[in-house]
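Enquirer: This is protein-v2.csv, which holds CSV, C-alpha atoms and all ligand atoms:
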chain,number,residue,atom,x,y,z
A,1230,MET,CA,16.8,-50.3,27.2
A,1231,LYS,CA,13.7,-49.7,29.3
A,1232,PHE,CA,11.6,-46.6,28.6
A,1233,TYR,CA,9.6,-45.4,31.6
A,1234,LYS,CA,6.7,-43.1,30.6
A,1235,ARG,CA,8.5,-39.9,31.4
A,1236,PHE,CA,6.8,-36.6,32.2
A,1237,GLN,CA,7.2,-34.3,29.1
A,1238,THR,CA,9.2,-31.3,30.2
A,1239,LYS,CA,10.5,-28.3,28.5
A,1240,LYS,CA,13.9,-28.6,26.8
A,1241,ILE,CA,16.5,-26.3,28.3
A,1242,ASN,CA,20.0,-25.7,26.9
A,1243,ILE,CA,22.9,-25.6,29.4
A,1244,GLY,CA,25.9,-24.7,27.2
A,1245,ASN,CA,26.2,-27.5,24.7
A,1246,VAL,CA,24.0,-30.0,26.8
A,1247,THR,CA,20.2,-30.1,26.5
A,1248,ILE,CA,18.0,-31.5,29.2
A,1249,GLY,CA,14.3,-32.1,29.4
A,1250,GLY,CA,11.9,-33.1,26.6
A,1251,GLY,CA,12.5,-36.8,27.2
A,1252,LEU,CA,16.2,-36.6,26.4
A,1253,PRO,CA,18.7,-38.8,28.2
A,1254,ILE,CA,18.9,-38.0,31.9
A,1255,ARG,CA,22.1,-36.1,32.5
A,1256,ILE,CA,24.5,-36.7,35.3
A,1257,GLN,CA,26.0,-33.9,37.3
A,1258,SER,CA,28.2,-33.3,40.3
A,1259,MET,CA,29.7,-30.5,42.3
A,1260,THR,CA,33.3,-29.7,43.0
A,1261,ASN,CA,34.5,-29.6,46.6
A,1262,THR,CA,37.7,-27.7,46.1
A,1263,ASN,CA,38.2,-24.0,47.0
A,1264,SER,CA,36.9,-22.2,43.9
A,1265,ARG,CA,39.3,-19.4,44.6
A,1266,ASP,CA,42.0,-21.9,43.7
A,1267,LEU,CA,41.8,-22.2,40.0
A,1268,LYS,CA,44.3,-25.1,39.6
A,1269,SER,CA,42.7,-27.5,42.0
A,1270,THR,CA,39.2,-26.7,40.8
A,1271,VAL,CA,40.1,-27.3,37.1
A,1272,LYS,CA,42.0,-30.4,38.1
A,1273,GLN,CA,38.9,-31.9,39.8
A,1274,ILE,CA,36.5,-31.0,37.0
A,1275,LYS,CA,38.8,-32.7,34.5
A,1276,GLN,CA,38.9,-35.8,36.7
A,1277,LEU,CA,35.1,-35.7,36.8
A,1278,GLU,CA,34.9,-35.3,33.0
A,1279,GLU,CA,37.0,-38.4,32.6
A,1280,VAL,CA,34.6,-40.5,34.6
A,1281,GLY,CA,31.6,-39.2,32.7
A,1282,CYS,CA,30.3,-36.1,34.5
A,1283,GLU,CA,28.2,-34.2,32.0
A,1284,LEU,CA,27.4,-31.0,33.9
A,1285,ILE,CA,29.5,-29.5,36.7
A,1286,ARG,CA,28.4,-27.1,39.4
A,1287,VAL,CA,30.9,-25.0,41.3
A,1288,SER,CA,30.0,-22.8,44.3
A,1289,PHE,CA,31.3,-19.2,44.1
A,1290,PRO,CA,31.1,-17.8,47.6
A,1291,ASP,CA,32.7,-14.4,46.9
A,1292,MET,CA,33.8,-12.0,44.2
A,1293,GLU,CA,37.4,-13.4,44.2
A,1294,SER,CA,36.1,-16.9,43.3
A,1295,ALA,CA,33.5,-15.4,40.8
A,1296,LEU,CA,36.3,-13.9,38.9
A,1297,ASN,CA,37.6,-17.4,38.1
A,1298,VAL,CA,34.6,-18.4,36.0
A,1299,ARG,CA,36.1,-17.4,32.7
A,1300,LYS,CA,39.4,-19.0,33.5
A,1301,ILE,CA,37.8,-22.3,34.6
A,1302,LYS,CA,35.7,-22.4,31.5
A,1303,LYS,CA,38.8,-22.1,29.3
A,1304,HIS,CA,40.1,-25.4,30.6
A,1305,ILE,CA,37.0,-27.6,30.7
A,1306,LYS,CA,34.7,-29.2,28.2
A,1307,ILE,CA,31.5,-29.7,30.1
A,1308,PRO,CA,29.0,-26.8,30.9
A,1309,LEU,CA,29.7,-24.9,34.1
A,1310,ILE,CA,26.9,-24.1,36.6
A,1311,ALA,CA,27.5,-21.5,39.2
A,1312,ASP,CA,26.0,-22.0,42.6
A,1313,VAL,CA,25.5,-18.6,44.3
A,1314,HIS,CA,23.9,-17.7,47.5
A,1315,PHE,CA,23.1,-14.5,49.4
A,1316,ASP,CA,24.9,-11.9,47.2
A,1317,TYR,CA,23.2,-11.1,43.9
A,1318,LYS,CA,26.3,-9.1,42.8
A,1319,ILE,CA,28.3,-12.4,42.7
A,1320,ALA,CA,25.6,-13.9,40.5
A,1321,LEU,CA,25.8,-10.9,38.2
A,1322,GLU,CA,29.5,-11.3,38.0
A,1323,VAL,CA,29.4,-15.1,37.1
A,1324,ILE,CA,26.9,-14.3,34.3
A,1325,LYS,CA,29.3,-11.6,33.0
A,1326,GLN,CA,32.1,-14.1,33.2
A,1327,GLY,CA,30.2,-16.5,30.8
A,1328,VAL,CA,28.8,-19.2,33.1
A,1329,ASP,CA,26.4,-21.7,31.4
A,1330,LYS,CA,23.7,-21.8,34.1
A,1331,LEU,CA,23.0,-20.2,37.4
A,1332,ARG,CA,21.7,-22.0,40.5
A,1333,ILE,CA,20.2,-19.8,43.1
A,1334,ASN,CA,17.8,-20.2,46.0
A,1335,PRO,CA,15.7,-17.1,45.5
A,1336,SER,CA,14.7,-17.2,49.2
A,1337,ASN,CA,18.2,-16.0,50.2
A,1338,ILE,CA,19.0,-13.7,47.3
A,1339,GLY,CA,17.3,-10.8,49.0
A,1340,SER,CA,14.6,-8.3,47.7
A,1341,GLN,CA,12.6,-9.0,44.6
A,1342,ASP,CA,14.5,-6.2,42.8
A,1343,LYS,CA,17.7,-8.2,43.1
A,1344,LEU,CA,16.1,-11.3,41.7
A,1345,VAL,CA,14.6,-9.2,38.8
A,1346,ALA,CA,18.1,-7.8,38.0
A,1347,LEU,CA,19.5,-11.3,37.9
A,1348,VAL,CA,16.7,-12.5,35.6
A,1349,LYS,CA,17.3,-9.7,33.2
A,1350,GLU,CA,21.0,-10.5,32.9
A,1351,ALA,CA,20.4,-14.2,32.6
A,1352,LYS,CA,18.0,-13.5,29.8
A,1353,ASN,CA,20.5,-11.3,27.9
A,1354,ALA,CA,23.1,-14.0,28.3
A,1355,HIS,CA,20.7,-16.7,27.2
A,1356,ILE,CA,21.5,-18.9,30.2
A,1357,PRO,CA,19.0,-20.9,32.3
A,1358,ILE,CA,18.4,-20.5,36.1
A,1359,ARG,CA,17.8,-23.4,38.4
A,1360,ILE,CA,15.5,-22.5,41.2
A,1361,GLY,CA,16.9,-24.7,43.9
A,1362,ILE,CA,14.6,-24.9,46.9
A,1363,ASN,CA,16.1,-26.7,49.8
A,1364,ALA,CA,14.1,-27.6,52.9
A,1365,GLY,CA,17.1,-26.8,55.1
A,1366,SER,CA,16.9,-23.1,54.2
A,1367,LEU,CA,13.1,-22.7,54.6
A,1368,LYS,CA,12.1,-21.6,58.0
A,1369,LYS,CA,8.4,-22.0,57.4
A,1370,ILE,CA,8.8,-25.6,56.4
A,1371,HIS,CA,9.6,-26.5,60.1
A,1372,HIS,CA,6.1,-25.3,61.1
A,1373,SER,CA,4.8,-28.7,60.1
A,1374,SER,CA,6.0,-32.2,60.9
A,1375,ASN,CA,3.8,-33.7,58.2
A,1376,ASN,CA,5.8,-34.8,55.1
A,1377,PHE,CA,3.1,-33.9,52.6
A,1378,MET,CA,2.7,-30.4,54.1
A,1379,ARG,CA,6.4,-29.9,53.9
A,1380,ALA,CA,6.4,-31.1,50.3
A,1381,LYS,CA,3.6,-28.7,49.6
A,1382,THR,CA,5.6,-25.8,51.1
A,1383,LEU,CA,8.6,-26.6,48.9
A,1384,VAL,CA,6.4,-26.6,45.8
A,1385,CYS,CA,4.5,-23.4,46.8
A,1386,VAL,CA,7.8,-21.6,47.4
A,1387,ALA,CA,9.2,-22.8,44.1
A,1388,ILE,CA,6.1,-21.7,42.2
A,1389,GLU,CA,6.1,-18.2,43.9
A,1390,HIS,CA,9.7,-17.7,42.6
A,1391,ILE,CA,8.8,-19.1,39.2
A,1392,LYS,CA,6.0,-16.6,38.9
A,1393,VAL,CA,8.5,-13.8,39.4
A,1394,LEU,CA,10.7,-15.1,36.6
A,1395,GLU,CA,7.7,-15.7,34.3
A,1396,LYS,CA,6.5,-12.2,34.9
A,1397,TYR,CA,9.7,-11.0,33.2
A,1398,ASN,CA,9.1,-13.5,30.4
A,1399,PHE,CA,11.9,-15.8,31.6
A,1400,GLN,CA,11.2,-19.5,31.1
A,1401,ASP,CA,14.6,-21.1,30.9
A,1402,ILE,CA,14.0,-22.6,34.3
A,1403,VAL,CA,15.1,-25.8,35.9
A,1404,VAL,CA,13.7,-26.7,39.4
A,1405,SER,CA,14.9,-28.7,42.3
A,1406,LEU,CA,12.9,-29.3,45.5
A,1407,LYS,CA,15.3,-31.0,47.9
A,1408,ALA,CA,15.0,-32.4,51.4
A,1409,SER,CA,17.1,-34.9,53.3
A,1410,ASN,CA,13.9,-36.8,54.0
A,1411,ILE,CA,13.0,-39.2,51.1
A,1412,ASP,CA,9.3,-39.1,51.5
A,1413,THR,CA,9.1,-35.3,51.6
A,1414,THR,CA,11.3,-35.1,48.5
A,1415,ILE,CA,9.4,-37.6,46.5
A,1416,GLN,CA,6.0,-36.0,47.4
A,1417,ALA,CA,7.4,-32.6,46.4
A,1418,TYR,CA,8.6,-33.7,43.0
A,1419,ARG,CA,5.4,-35.6,42.3
A,1420,LEU,CA,3.3,-32.6,43.2
A,1421,PHE,CA,5.5,-30.2,41.1
A,1422,ALA,CA,5.5,-32.5,38.1
A,1423,SER,CA,1.7,-32.5,38.1
A,1424,LYS,CA,1.6,-28.7,38.0
A,1425,ARG,CA,4.4,-27.4,35.8
A,1426,THR,CA,6.6,-28.7,32.9
A,1427,TYR,CA,9.9,-27.2,33.8
A,1428,PRO,CA,12.7,-29.8,33.8
A,1429,LEU,CA,13.6,-31.3,37.1
A,1430,HIS,CA,17.0,-31.7,38.8
A,1431,LEU,CA,16.7,-34.7,41.1
A,1432,GLY,CA,18.5,-35.5,44.3
A,1433,ILE,CA,18.2,-36.4,47.9
A,1434,THR,CA,20.2,-33.6,49.6
A,1435,GLU,CA,22.7,-34.2,52.4
A,1436,ALA,CA,22.3,-37.9,51.8
A,1437,GLY,CA,25.4,-38.8,53.8
A,1438,SER,CA,28.5,-41.0,53.3
A,1439,ILE,CA,29.1,-43.3,50.4
A,1440,PHE,CA,27.3,-46.1,52.1
A,1441,SER,CA,24.2,-44.4,53.5
A,1442,GLY,CA,24.1,-41.7,50.8
A,1443,THR,CA,24.1,-44.3,48.0
A,1444,ILE,CA,21.3,-46.2,49.6
A,1445,LYS,CA,19.2,-43.1,50.3
A,1446,SER,CA,19.8,-41.7,46.8
A,1447,SER,CA,19.1,-45.0,45.1
A,1448,ILE,CA,15.8,-45.3,46.9
A,1449,GLY,CA,14.7,-41.7,46.5
A,1450,VAL,CA,16.0,-40.9,43.0
A,1451,GLY,CA,15.0,-44.4,41.9
A,1452,ILE,CA,11.4,-44.1,42.9
A,1453,MET,CA,11.1,-40.7,41.2
A,1454,LEU,CA,12.8,-42.0,38.0
A,1455,TYR,CA,10.4,-44.9,38.0
A,1456,ASP,CA,7.5,-42.4,38.2
A,1457,GLY,CA,9.0,-40.8,35.0
A,1458,ILE,CA,10.2,-37.8,36.9
A,1459,GLY,CA,13.6,-36.2,36.4
A,1460,ASP,CA,15.8,-34.7,33.7
A,1461,THR,CA,19.2,-34.5,35.4
A,1462,ILE,CA,20.4,-36.1,38.6
A,1463,ARG,CA,23.0,-35.3,41.3
A,1464,VAL,CA,23.8,-37.9,43.9
A,1465,SER,CA,24.9,-35.9,46.9
A,1466,LEU,CA,27.6,-37.8,48.9
A,1467,THR,CA,30.0,-36.8,51.7
A,1468,ALA,CA,32.8,-38.2,49.6
A,1469,ASP,CA,35.0,-37.6,46.6
A,1470,PRO,CA,32.6,-36.3,43.9
A,1471,ILE,CA,33.9,-39.0,41.5
A,1472,GLU,CA,31.9,-41.4,43.7
A,1473,GLU,CA,28.7,-39.3,43.0
A,1474,ILE,CA,29.2,-39.9,39.3
A,1475,ASN,CA,29.8,-43.6,39.7
A,1476,VAL,CA,26.7,-44.0,41.8
A,1477,ALA,CA,24.6,-41.9,39.5
A,1478,TYR,CA,25.6,-44.0,36.5
A,1479,CYS,CA,24.8,-47.2,38.4
A,1480,ILE,CA,21.3,-45.9,39.3
A,1481,LEU,CA,20.5,-45.0,35.7
A,1482,GLN,CA,22.2,-48.1,34.3
A,1483,TYR,CA,20.4,-50.6,36.6
A,1484,MET,CA,17.1,-48.9,35.8
A,1485,GLY,CA,17.7,-49.2,32.1
A,1486,LEU,CA,17.6,-45.5,31.6
A,1487,ARG,CA,21.2,-45.0,30.4
A,1488,ASN,CA,23.2,-47.9,29.0
A,1489,LEU,CA,26.7,-46.9,29.8
A,1490,GLY,CA,29.7,-48.5,31.3
A,1491,VAL,CA,30.2,-51.9,32.8
A,1492,GLU,CA,27.8,-53.8,34.9
A,1493,VAL,CA,29.4,-56.3,37.3
A,1494,ILE,CA,27.3,-59.3,38.4
A,1495,SER,CA,28.7,-61.3,41.3
A,1496,CYS,CA,27.3,-63.8,43.8
A,1497,PRO,CA,27.2,-63.4,47.6
A,1498,THR,CA,29.5,-66.5,48.0
A,1499,CYS,CA,28.7,-69.4,50.3
A,1500,SER,CA,30.4,-72.6,51.5
A,1501,ARG,CA,30.8,-73.8,47.9
A,1502,CYS,CA,33.0,-70.9,47.0
A,1503,GLU,CA,36.7,-71.7,47.0
A,1504,VAL,CA,38.1,-68.4,45.8
A,1505,ASP,CA,38.4,-65.0,47.5
A,1506,LEU,CA,35.6,-63.6,45.5
A,1507,ILE,CA,34.8,-60.7,47.8
A,1508,ASN,CA,38.3,-59.2,47.4
A,1509,ILE,CA,38.4,-60.1,43.7
A,1510,VAL,CA,35.2,-58.1,43.0
A,1511,LEU,CA,36.3,-55.2,45.1
A,1512,LYS,CA,39.6,-55.0,43.2
A,1513,LEU,CA,37.8,-55.4,39.9
A,1514,GLU,CA,35.3,-52.6,40.6
A,1515,LYS,CA,38.1,-50.3,41.7
A,1516,LYS,CA,40.0,-50.8,38.5
A,1517,ILE,CA,36.9,-50.4,36.4
A,1518,SER,CA,36.1,-47.1,38.1
A,1519,VAL,CA,39.2,-45.5,36.8
A,1520,ILE,CA,39.0,-46.7,33.2
A,1521,LYS,CA,39.0,-43.7,31.0
A,1522,ASN,CA,36.2,-42.9,28.6
A,1523,LEU,CA,34.1,-45.9,29.9
A,1524,ARG,CA,30.9,-43.8,29.8
A,1525,LYS,CA,31.4,-42.9,26.1
A,1526,LEU,CA,30.6,-46.5,25.2
A,1527,HIS,CA,27.2,-46.7,23.4
A,1528,LYS,CA,26.8,-50.3,24.4
A,1529,PRO,CA,27.1,-51.6,28.0
A,1530,ILE,CA,29.5,-54.4,28.9
A,1531,LYS,CA,28.2,-57.0,31.3
A,1532,VAL,CA,30.7,-59.0,33.4
A,1533,ALA,CA,29.9,-61.9,35.8
A,1534,LEU,CA,32.1,-63.2,38.6
A,1535,MET,CA,30.6,-66.2,40.3
A,1536,GLY,CA,31.7,-68.4,43.2
A,1537,CYS,CA,30.9,-71.9,42.0
A,1538,VAL,CA,29.4,-74.0,39.2
A,1539,VAL,CA,25.8,-74.0,40.6
A,1540,ASN,CA,24.7,-70.6,39.1
A,1541,GLY,CA,28.1,-69.6,37.9
A,1542,PRO,CA,28.1,-70.9,34.3
A,1543,GLY,CA,24.6,-69.7,33.6
A,1544,GLU,CA,25.3,-66.1,34.8
A,1545,ALA,CA,28.8,-66.1,33.2
A,1546,LYS,CA,27.4,-67.3,29.9
A,1547,ASP,CA,24.8,-64.5,29.9
A,1548,ALA,CA,27.4,-61.9,30.3
A,1549,ASP,CA,29.8,-60.5,27.7
A,1550,PHE,CA,32.6,-62.1,29.8
A,1551,GLY,CA,32.5,-64.0,33.0
A,1552,ILE,CA,34.4,-66.4,35.2
A,1553,ALA,CA,32.8,-69.1,37.3
A,1554,ALA,CA,34.9,-70.7,40.0
A,1555,SER,CA,35.4,-74.4,39.4
A,1556,GLY,CA,37.6,-75.4,42.3
A,1557,LYS,CA,40.2,-74.1,44.7
A,1558,ASN,CA,41.5,-70.8,43.4
A,1559,ILE,CA,40.6,-71.7,39.8
A,1560,GLY,CA,37.7,-70.8,37.5
A,1561,VAL,CA,36.4,-71.2,34.0
A,1562,LEU,CA,36.5,-68.1,31.7
A,1563,PHE,CA,33.6,-67.5,29.4
A,1564,LYS,CA,33.3,-65.0,26.5
A,1565,ASN,CA,30.1,-64.4,24.7
A,1566,GLY,CA,28.7,-67.6,26.1
A,1567,ASN,CA,31.6,-69.8,25.1
A,1568,ILE,CA,34.2,-71.4,27.4
A,1569,ILE,CA,37.6,-70.0,26.7
A,1570,CYS,CA,40.0,-71.6,29.2
A,1571,LYS,CA,40.6,-72.3,32.9
A,1572,ILE,CA,42.2,-69.5,34.8
A,1573,SER,CA,43.7,-69.2,38.3
A,1574,SER,CA,41.9,-66.7,40.6
A,1575,ASP,CA,45.0,-64.4,41.0
A,1576,LYS,CA,44.7,-63.6,37.3
A,1577,TRP,CA,40.9,-62.9,37.1
A,1578,VAL,CA,41.0,-59.1,37.7
A,1579,ASN,CA,43.7,-58.3,35.1
A,1580,LYS,CA,42.2,-60.7,32.6
A,1581,ILE,CA,38.7,-59.1,32.9
A,1582,ILE,CA,40.2,-55.6,32.7
A,1583,SER,CA,42.1,-56.4,29.6
A,1584,MET,CA,39.0,-58.0,28.0
A,1585,ILE,CA,37.0,-54.8,28.9
A,1586,GLU,CA,39.6,-52.6,27.3
A,1587,GLU,CA,39.7,-54.8,24.2
A,1588,ARG,CA,35.9,-54.7,23.9
A,1589,MET,CA,36.0,-50.9,24.3
A,1590,ILE,CA,38.3,-50.6,21.3
A,1591,HIS,CA,36.0,-52.9,19.3
A,1592,ILE,CA,32.8,-51.0,20.3
A,1593,GLN,CA,34.3,-47.6,19.6
A,1594,ARG,CA,35.4,-48.5,16.1
B,1,LIG,S1,27.0,-69.1,42.9
B,1,LIG,FE1,27.8,-70.8,44.1
B,1,LIG,S2,29.2,-69.9,45.6
B,1,LIG,FE2,27.9,-68.2,44.8
B,1,LIG,S3,26.3,-68.1,46.3
B,1,LIG,FE3,25.5,-69.4,44.6
B,1,LIG,S4,26.0,-71.4,45.3
B,1,LIG,FE4,27.2,-70.1,46.6
Once more with this new file: its structure as structure tokens, please.

Expert:
Amino acid sequence: MKFYKRFQTKKINIGNVTIGGGLPIRIQSMTNTNSRDLKSTVKQIKQLEEVGCELIRVSFPDMESALNVRKIKKHIKIPLIADVHFDYKIALEVIKQGVDKLRINPSNIGSQDKLVALVKEAKNAHIPIRIGINAGSLKKIHHSSNNFMRAKTLVCVAIEHIKVLEKYNFQDIVVSLKASNIDTTIQAYRLFASKRTYPLHLGITEAGSIFSGTIKSSIGVGIMLYDGIGDTIRVSLTADPIEEINVAYCILQYMGLRNLGVEVISCPTCSRCEVDLINIVLKLEKKISVIKNLRKLHKPIKVALMGCVVNGPGEAKDADFGIAASGKNIGVLFKNGNIICKISSDKWVNKIISMIEERMIHIQR
């Protein structure tokens, strides 16, 4: 595993999960169900738990939804973060209901008295607050078209709010400084990390669909992680939140920051390829994405699917398992560097899945 020189941040407990202080970067997502609907919200959180979500955020837009916090918590294992805007009374209610962390944007909570009331209750309940500054909700940020000036505004606003919390001796703070522009976001996080040691929640906000959002997030979050910045990440996608978890794990895994799950290596194919590798890999990744408890593995599994014998055997041999096509609709199966047998391409996906499952049992023993 690669160890980037990470910024030393303060450790913060969110329920039974600790972030900061150089601990593993935690992956979070957000439900997109109606939080007034207990059943569908719990169902989605449980699905996200199964694919490895470690912290879950739910937005509570009104009192009716806020009254569901305790009930939701009864059914889930991971810490629950409440996202509350505009009405501090909703925030007070979610704290009363036992939420594990509060995410607010102090700019829209109202007068400072309201923020102070929240801080006092969060302190009594021993829960952290994320100060989530979002460029989209800052009017003054639009006075400048310069990315650095925008980044500076994000940081100044965050620090203004932090000072209010610190005045009341509250330091259980997590910070995010999000913009949909990658450069503004990176500059804001870099600037903040040079000034304060509160743990940072990373993300490129409103990043878009699975395709564009994955690219934007991988670039933005990847650069910040490479700088050693970040204690928890949320990949924001206009998609099923399960995809956010899958993308987040891939980012951390490919950067060597968390070694969890399965890495699939496959070639782009060319005229030498005599199997339908593109569809085989798509099918394989789909099946892998729904394997339960995959993220609980403490050792990653590397799988290679290659289109011919040019680079195929080399890559396949380096992987835990691999198949290199060796003719029309046929390939050679490798395990731990050794040739096992020839296998027809219609059997590749199921064979690899059964080998992953077998390896999981072995690793978990
Ligand atoms: S591994 Fe073979 S099929 Fe795949 S791109 Fe390389 S040469 Fe082409």

Enquirer: List as a tab-separated table every residue of chain A that is in contact with ligand LIG 1 (chain B), defined as an atom at most 7 Å from one of its atoms (using only C-alpha atoms and all ligand atoms), together with the nearest atom pair and the distance in Å rounded to one decimal, sorted by chain and then rising number.

Expert:
residue	atom	partner	partner_atom	distance
A:Cys1496	CA	B:LIG1	FE2	4.6
A:Pro1497	CA	B:LIG1	S3	5.0
A:Thr1498	CA	B:LIG1	S3	4.0
A:Cys1499	CA	B:LIG1	FE4	4.1
A:Ser1500	CA	B:LIG1	FE4	6.4
A:Arg1501	CA	B:LIG1	S2	4.8
A:Cys1502	CA	B:LIG1	S2	4.2
A:Met1535	CA	B:LIG1	S1	5.3
A:Gly1536	CA	B:LIG1	S2	3.8
A:Cys1537	CA	B:LIG1	FE1	3.9
A:Val1538	CA	B:LIG1	FE1	6.1
A:Val1539	CA	B:LIG1	FE1	5.1
A:Asn1540	CA	B:LIG1	S1	4.7
A:Gly1541	CA	B:LIG1	S1	5.1

Enquirer: Between A:Leu1406, A:Leu1331, A:Leu1466, A:Ile1509, which residue has the minimum interatomic distance to Ser1495 (chain A), considering only C-alpha atoms?

Expert: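 Answer, going by the shortest atom-to-atom distance: A:Ile1509.
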
Enquirer: Select, counting all atoms listed in the file, all protein, DNA and RNA residues no farther than 7 Å from (31.7, -23.2, 38.5) in file coordinates, and express the selection as an MDAnalysis selection string.

Expert: chainID A and resid 1285:1289 1298 1309:1311

Enquirer: Write the residues of the preceding selection, restricted to C-alpha atoms, as a PDB file, in the coordinates of the input.

Expert:
ATOM      1  CA  ILE A1285      29.500 -29.500  36.700  1.00  0.00           C
ATOM      2  CA  ARG A1286      28.400 -27.100  39.400  1.00  0.00           C
ATOM      3  CA  VAL A1287      30.900 -25.000  41.300  1.00  0.00           C
ATOM      4  CA  SER A1288      30.000 -22.800  44.300  1.00  0.00           C
ATOM      5  CA  PHE A1289      31.300 -19.200  44.100  1.00  0.00           C
ATOM      6  CA  VAL A1298      34.600 -18.400  36.000  1.00  0.00           C
ATOM      7  CA  LEU A1309      29.700 -24.900  34.100  1.00  0.00           C
ATOM      8  CA  ILE A1310      26.900 -24.100  36.600  1.00  0.00           C
ATOM      9  CA  ALA A1311      27.500 -21.500  39.200  1.00  0.00           C
TER      10      ALA A1311
END

Enquirer: Mind listing whatever residues come within 8 Å of the point (17.1, -46.7, 35.7)? Use all atoms listed in the file, file coordinates, and give them as a list in words.

Expert: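 Applying the cut-off with all atoms listed in the file, one gets Lys1231, Gly1451, Leu1454, Tyr1455, Ile1480, Leu1481, Gln1482, Tyr1483, Met1484, Gly1485, Leu1486 and Arg1487 of chain A.
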
Enquirer: Would you put the residues from that selection into a file with C-alpha atoms, as a short mmCIF file (atom, residue, chain, number, x, y, z; two decimals), in the frame of the given file?

Expert:
data_model
loop_
_atom_site.label_atom_id
_atom_site.label_comp_id
_atom_site.auth_asym_id
_atom_site.auth_seq_id
_atom_site.Cartn_x
_atom_site.Cartn_y
_atom_site.Cartn_z
CA LYS A 1231 13.70 -49.70 29.30
CA GLY A 1451 15.00 -44.40 41.90
CA LEU A 1454 12.80 -42.00 38.00
CA TYR A 1455 10.40 -44.90 38.00
CA ILE A 1480 21.30 -45.90 39.30
CA LEU A 1481 20.50 -45.00 35.70
CA GLN A 1482 22.20 -48.10 34.30
CA TYR A 1483 20.40 -50.60 36.60
CA MET A 1484 17.10 -48.90 35.80
CA GLY A 1485 17.70 -49.20 32.10
CA LEU A 1486 17.60 -45.50 31.60
CA ARG A 1487 21.20 -45.00 30.40
#

Enquirer: Contacts of Ile1274 (chain A) at 9 Å or less, counting all atoms listed in the file, minus same-chain residues fewer than 4 places along, as a PyMOL selection string?

Expert: chain A and resi 1259-1260+1269-1270+1278-1279+1282+1285+1305+1307

Enquirer: Using Å and a single decimal, report how far CA of Ala1417 (chain A) sits from CA of Met1378 (chain A).

Expert: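 Taking CA of Met1378 (chain A) as the start and CA of Ala1417 (chain A) as the end point, the length is 9.3 Å.
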
Enquirer: Which one is closest to Leu1523 (chain A): A:Ile1439, A:Val1280, A:Leu1562, A:Ile1388? Count all atoms listed in the file.

Expert: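 Selected residue with least distance to Leu1523 (chain A): A:Val1280.
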
Enquirer: What gap, in Å, lies between CA of Ile1356 (chain A) and CA of Thr1461 (chain A)?

Expert: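 CA of Thr1461 (chain A) lies 16.6 Å from CA of Ile1356 (chain A).
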
Enquirer: Just how far from CA of Ala1477 (chain A) is CA of Arg1332 (chain A), in Å to one decimal?

Expert: 20.1 Å

Enquirer: So which one's closest to Lys1240 (chain A), A:Asn1565, A:Ile1254, A:Ser1555, A:Ala1295? Using all atoms listed in the file, please.

Expert: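 Using all atoms listed in the file, Lys1240 (chain A) sits closest to A:Ile1254.
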
Enquirer: Which residues are close to Phe1421 (chain A), i.e. within 10 Å by all atoms listed in the file, leaving aside same-chain residues fewer than 2 positions away? Reply as an mmCIF file with C-alpha atoms, in the coordinates of the input.

Expert:
data_model
loop_
_atom_site.group_PDB
_atom_site.id
_atom_site.type_symbol
_atom_site.label_atom_id
_atom_site.label_comp_id
_atom_site.auth_asym_id
_atom_site.auth_seq_id
_atom_site.Cartn_x
_atom_site.Cartn_y
_atom_site.Cartn_z
ATOM 1 C CA ALA A 1380 6.400 -31.100 50.300
ATOM 2 C CA LYS A 1381 3.600 -28.700 49.600
ATOM 3 C CA LEU A 1383 8.600 -26.600 48.900
ATOM 4 C CA VAL A 1384 6.400 -26.600 45.800
ATOM 5 C CA CYS A 1385 4.500 -23.400 46.800
ATOM 6 C CA ALA A 1387 9.200 -22.800 44.100
ATOM 7 C CA ILE A 1388 6.100 -21.700 42.200
ATOM 8 C CA VAL A 1404 13.700 -26.700 39.400
ATOM 9 C CA SER A 1405 14.900 -28.700 42.300
ATOM 10 C CA LEU A 1406 12.900 -29.300 45.500
ATOM 11 C CA ILE A 1415 9.400 -37.600 46.500
ATOM 12 C CA GLN A 1416 6.000 -36.000 47.400
ATOM 13 C CA ALA A 1417 7.400 -32.600 46.400
ATOM 14 C CA TYR A 1418 8.600 -33.700 43.000
ATOM 15 C CA ARG A 1419 5.400 -35.600 42.300
ATOM 16 C CA SER A 1423 1.700 -32.500 38.100
ATOM 17 C CA LYS A 1424 1.600 -28.700 38.000
ATOM 18 C CA ARG A 1425 4.400 -27.400 35.800
ATOM 19 C CA THR A 1426 6.600 -28.700 32.900
ATOM 20 C CA TYR A 1427 9.900 -27.200 33.800
ATOM 21 C CA LEU A 1429 13.600 -31.300 37.100
ATOM 22 C CA ILE A 1458 10.200 -37.800 36.900
#

Enquirer: Here is a test: counting all atoms listed in the file, which residue of A:Glu1587, A:Asp1412, A:Asp1547, A:Asp1460 is nearest to Pro1253 (chain A)?

Expert: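 Residue with the minimum atom-to-atom distance to Pro1253 (chain A): A:Asp1460.
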
Enquirer: Given all atoms listed in the file as the basis, pick out the residue of A:Val1271, A:Val1403, A:Leu1513, A:Ala1422 nearest to Ile1333 (chain A).

Expert: A:Val1403

Enquirer: List the spatial neighbours of region 1316-1323 of chain A as JSON, numbers by chain - criterion: any atom at most 8 Å away, all atoms listed in the file, same-chain residues fewer than 6 positions off excluded.

Expert: {"A": [1289, 1290, 1291, 1292, 1295, 1296, 1298, 1331, 1338, 1339, 1343, 1344, 1347, 1350]}

Enquirer: Which residue is closest to Ile1568 (chain A)? Choose from A:Ala1553, A:Ile1256, A:Leu1489, A:Ile1452 and count only C-alpha atoms.

Expert: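 Between A:Ala1553, A:Ile1256, A:Leu1489, A:Ile1452, the residue approaching Ile1568 (chain A) most closely is A:Ala1553.
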